[in-house]
Amino acid sequence: MSFLGVAFDGIAYGSLLFLISVGLSITLGLMNFVNLAHGAFAMFGGYCSVWLTQAWGLPFLATLPCVCLAGAGVGALAERLLYRRLYRASHLDQVLFSIGLTFMAVAAATYFWGPTQQRVELPELLRGQVRVLGLELGAYRAFLIALVLLISGGLTALIELTRFGAQLRAAVDNAAVSAGLGIPVQRVFCLAFALGSALAALGGALAVELLGLEPGFAFEYLVYFLLVVSVGGAGSVRGTALAAIALGLCDVAGKYYVPEIGSFIIYALMIVLLTAFPAGLLGRRA
Amino acid sequence: MTAFKLWWAGLRAFGSSRLGRSLALGVLLAACESRKVESAPGAALQPAPAAEAGPIKIGLIAPFSGPFAGMGKQVESGARAYLDQHGSKVAGREIQLLVKDVTGVAPDVAKNLAQGLLVRDKVDFLAGFVLTPNALAVAPLASEAKTPMVVMNAATSVITTKSPYVVRVSFTLPQVSAPLATWAAKNGIKSVYTLVSDYAPGADAEAQFKKTFEAAGGKITDSVRVPVQNPDFAPYIQRIKDAKPEAVFIFVPAGAQGTAFLKAFQERGLAQQGIRVIATGDVTEDQELDAMGSAALGVVTTHHYSAAHESPENAAFKQAFAKVSGGQVRPNFMAVGGYDGMAAIAKVIEKLGGKLDGDAAMAAFKGLALDSPRGPIRVDPETRDVIQTVYVRKVEQRPDGFYNVEFDHFDEQKDPGK
């Protein structure tokens with residue numbers, strides 16, 4: 001296969017990584033909270049989508065907005081009840097808390113849906129391959145790439161151009177002064193957390209087709225999300241996108257051209273990139 | 001840190017109040033009481049003759065939490081299905097299952113649990129063992145305690161060689177990989193690409209398939225090992241597509257990995273190019289098969305059990321399994337392992353007339369034959385490993401779901417790995 005085909009697959013895989021990781025980048029980078037339960041929010045999205053198609057007969061595409069809303073709701077609730085108490089705690093406390101939450105999520109998923117694999121039915125439109133300029137491209141992968149372009153553009157605009165974005169950045173840099181200036185810091189954090197959770201849930205729903213879904217999901221792919229965020233620079237949407245695409249591309253190309261060491265390549269890349277850019281590709285802090 | 005301080009302060013406040021102290025004392029007493037009740041029927045506190053008439057204890061070690069929880073549930077429900085069907089009294093003695101959660105691939109936990117079962121509970125049999133590392137860790141203890149250890153699933157060839165007290169009723173990977181290679185060579189498949197997960201069972205399956213297939217005149221075009229938790233199969237599948245073999249042999253963990261592979265295989269249209277998928281039966285095992293759905297259609301596998309196997313024994317087994325497990329999942333080969341393990345133990349107890357002794361029990365296991373839900377099986381007197389029919393099956397859709405439908409078989413298969 002030509003290099004273009006490999007590149008396409010890599011970018012599509014990177015897009016999926018970006019979708020799930022960008023929420024983590026927001027909570028970690030902008031709110032300075034180490035939320036290792038991020039994979040659990042993604043898993044929640046996946047189960048939500050599967051449940052809506054199976055129990056309510058909704059088509060897959062129609063479940064996606066519902067999943068986003070549900071993810072935002074659960075995220076906001078968790079922020080209000082749990083996360084808010086730990087904003088000022090040490091990172092170790094945050095890690096212990098969120099890992100504990102993940103274990104609970106895994107147990108809950110096993111309780112409600114059983115330990116087996118879940119399946120999702122894609123619409124005819126997104127199945128199989130389409131021929132574009134002599135290249136055979138997976139329809140679902142093309143859909144992922146398009147969606148990510150849309151979302152990353154929207155997010156960048158939201159954080160860098162809107163009033164909410166300015167409030168969020170101010171609240172992160174100095175919560176006390178921001179509050180003194182009349183910014184509703186608590187509400188801004190809650191909204192930001194809900195946004196991150198909604199994106200994680202969306203990514204989780206979209207990942208079912210490629211990565212599968214079972215209760216272990218919350219842990220299995222966590223390392224990839226952390227990798228993307230640390231390489232991209234926590235808090236930067238563009239950095240996360242860049243890192244996700246680069247890692248996805250190198251992973252796929254490595255496995256295709258040199259399958260013997262293919263699965264190691266993204267870790268090697270991580271070491272190189274983090275040595276060169278300790279704060280991440282486009283990290284905000286040194 | 002703060003959480004701990006809070007907890008400690010709370011505890012101290014609780015302890016200093018009168019109500020708190022008396023409550024704590026009550027809890028402590030209750031705990032002692034329940035321990036006493038628990039150990040009362042045990043052999044330890046009573047004179048030897050009474051122990052003979054007491055229950056026969058079987059310690060079942062399997063994972064019931066973590067990623068392999070589903071497997072442990074299958075084994076346990078299989079074992080309980082046998083007791084439900086045949087009653088829990090054998091040779092006048094009650095059978096008692098002591099179920100322990102090993103939590104995953106955890107040899108040290110398995111060892112601790114086995115030690116507890118042998119020393120404290122004085123079990124007459126160790127059973128279960130879904131995962132190879134756990135079984136390997138316990139085997140030396142079985143030797144030391146001279147207690148039979150019945151392997152109900154773990155399929156790596158070497159396990160039975162690690163102790164003369166190990167007996168296996170499940171299967172071994174080479175046992176089911178070799179017939180697949182023979183079948184492929186006989187049915188006009190000349191070139192095969194192999195793709196296995198990069199861990200011991202994967203290497204076992206790859207080596208045996210290669211050996212048998214090349215001996216039969218077939219050609220292995222290429223072999224690739226993939227990470228056990230591989231997120232995206234696209235690059236590997238594309239490589240296979242470019243290599244144009246007649247078939248691809250895979251061994252990956254059932255569930256997420258198997259489904260991901262087959263979906264990517266379908267998405268890229270390899271089947272339309274005439275490339276077939278052949279695999280050992282664990283990839284399309286019954287519990288996961290429905291979730292794999294149409295992606296698995298037409299996959300040819302070899303294994304020792306399919307829920308679609310037609311026999312009165314299997315029909316009765318499925319009914320009993322549904323009764324004890326709640327009927328939500330279909331029994332898979334692990335459930336049959338649990339069922340047959342329990343059946344073998346019951347037969348041995350019967351043979352010995354309820355008077356148990358490790359060495360006598362092992363002698364009784366050797367050559368033992370059972371009419372299993374999978375068909376006739378027996379224990380090889382030399383290796384204490386299972387001898388059974390291996391079936392060739394194809395995934396088909398039936399009105400009530402997807403099944404591995406058997407269409408050919410290899411009788412009397414021993415483990416070629418030894």
# chains A, B, ... in the order shown; residues from 1 in each chain; ligands from 1
>>> interface_residues(of="chain B", to="chain A", cutoff="10 Å", atoms="only C-alpha atoms", output="ChimeraX atom specification")
/B:1-3,65-71,73,223-227,229-242,254-261,263-264,266-269,287-293,328-329
>>> select_by_dssp(residues="segment 49-268 of chain B", states="helix (DSSP H, G or I)", output="PyMOL selection string")
chain B and resi 49-53+66-86+107-119+132-145+157-162+173-186+200-215+234-243+256-267
>>> atom_distance(atom1="atom CA of Val223 of chain A", atom2="atom CA of Val50 of chain A")
23.9 Å
>>> select_by_dssp(residues="segment 49-156 of chain A", states="strand (DSSP E or B)", output="JSON, numbers by chain")
{"A": [129, 130, 131, 132, 135, 136, 137, 138]}
>>> residues_around(residues="Glu160 of chain A", least_positions_apart="5", cutoff="12 Å", atoms="only C-alpha atoms", output="list in words")
Ser152, Gly153, Gly154, Leu155, Gly165, Ala166, Gln167, Leu168, Arg169, Ala170, Gly235, Ser236, Val237 and Arg238 of chain A
>>> residues_around(residues="Val390 of chain B", least_positions_apart="6", cutoff="6 Å", atoms="only C-alpha atoms", output="PyMOL selection string")
chain B and resi 303-304+409-410
>>> write_last_selection(atoms="N, CA and C atoms", output="mmCIF file, in the first residue's frame")
data_model
loop_
_atom_site.group_PDB
_atom_site.id
_atom_site.type_symbol
_atom_site.label_atom_id
_atom_site.label_comp_id
_atom_site.auth_asym_id
_atom_site.auth_seq_id
_atom_site.Cartn_x
_atom_site.Cartn_y
_atom_site.Cartn_z
ATOM 1 N N HIS B 303 -11.658 -26.463 17.992
ATOM 2 C CA HIS B 303 -11.723 -26.444 19.449
ATOM 3 C C HIS B 303 -12.438 -27.694 19.919
ATOM 4 N N HIS B 304 -12.471 -27.859 21.250
ATOM 5 C CA HIS B 304 -13.063 -29.076 21.784
ATOM 6 C C HIS B 304 -14.520 -28.918 22.161
ATOM 7 N N HIS B 409 -14.206 -33.456 12.347
ATOM 8 C CA HIS B 409 -13.610 -33.690 13.662
ATOM 9 C C HIS B 409 -12.383 -34.590 13.578
ATOM 10 N N PHE B 410 -11.517 -34.422 14.542
ATOM 11 C CA PHE B 410 -10.320 -35.257 14.687
ATOM 12 C C PHE B 410 -10.438 -35.984 16.013
#
>>> closest_residue(among="B:Ile275, B:Met362, B:Ala154, B:Ala139", to="Gln115 of chain B", atoms="only C-alpha atoms")
B:Ala139
>>> residues_around(residues="Arg384 of chain B", least_positions_apart="4", cutoff="12 Å", atoms="only C-alpha atoms", output="MDAnalysis selection string")
chainID B and resid 148:151 157:171 362:369 378:380 414:415 418
>>> residues_around(residues="Phe193 of chain A", least_positions_apart="5", cutoff="8 Å", atoms="only C-alpha atoms", output="list of chain:residue names")
A:Ile26, A:Thr27, A:Ala72, A:Gly75, A:Ala76, A:Glu79
>>> closest_residue(among="A:Pro184, A:Pro123, A:Gly239, A:Gly232", to="Thr53 of chain A", atoms="only C-alpha atoms")
A:Pro123
>>> atom_distance(atom1="atom CA of Pro253 of chain B", atom2="atom CA of Val228 of chain A")
26.1 Å
>>> residues_around(residues="Asp340 of chain B", least_positions_apart="3", cutoff="9 Å", atoms="only C-alpha atoms", output="PyMOL selection string")
chain B and resi 78-79+82+152+169-170+335-337+343-345+370-373
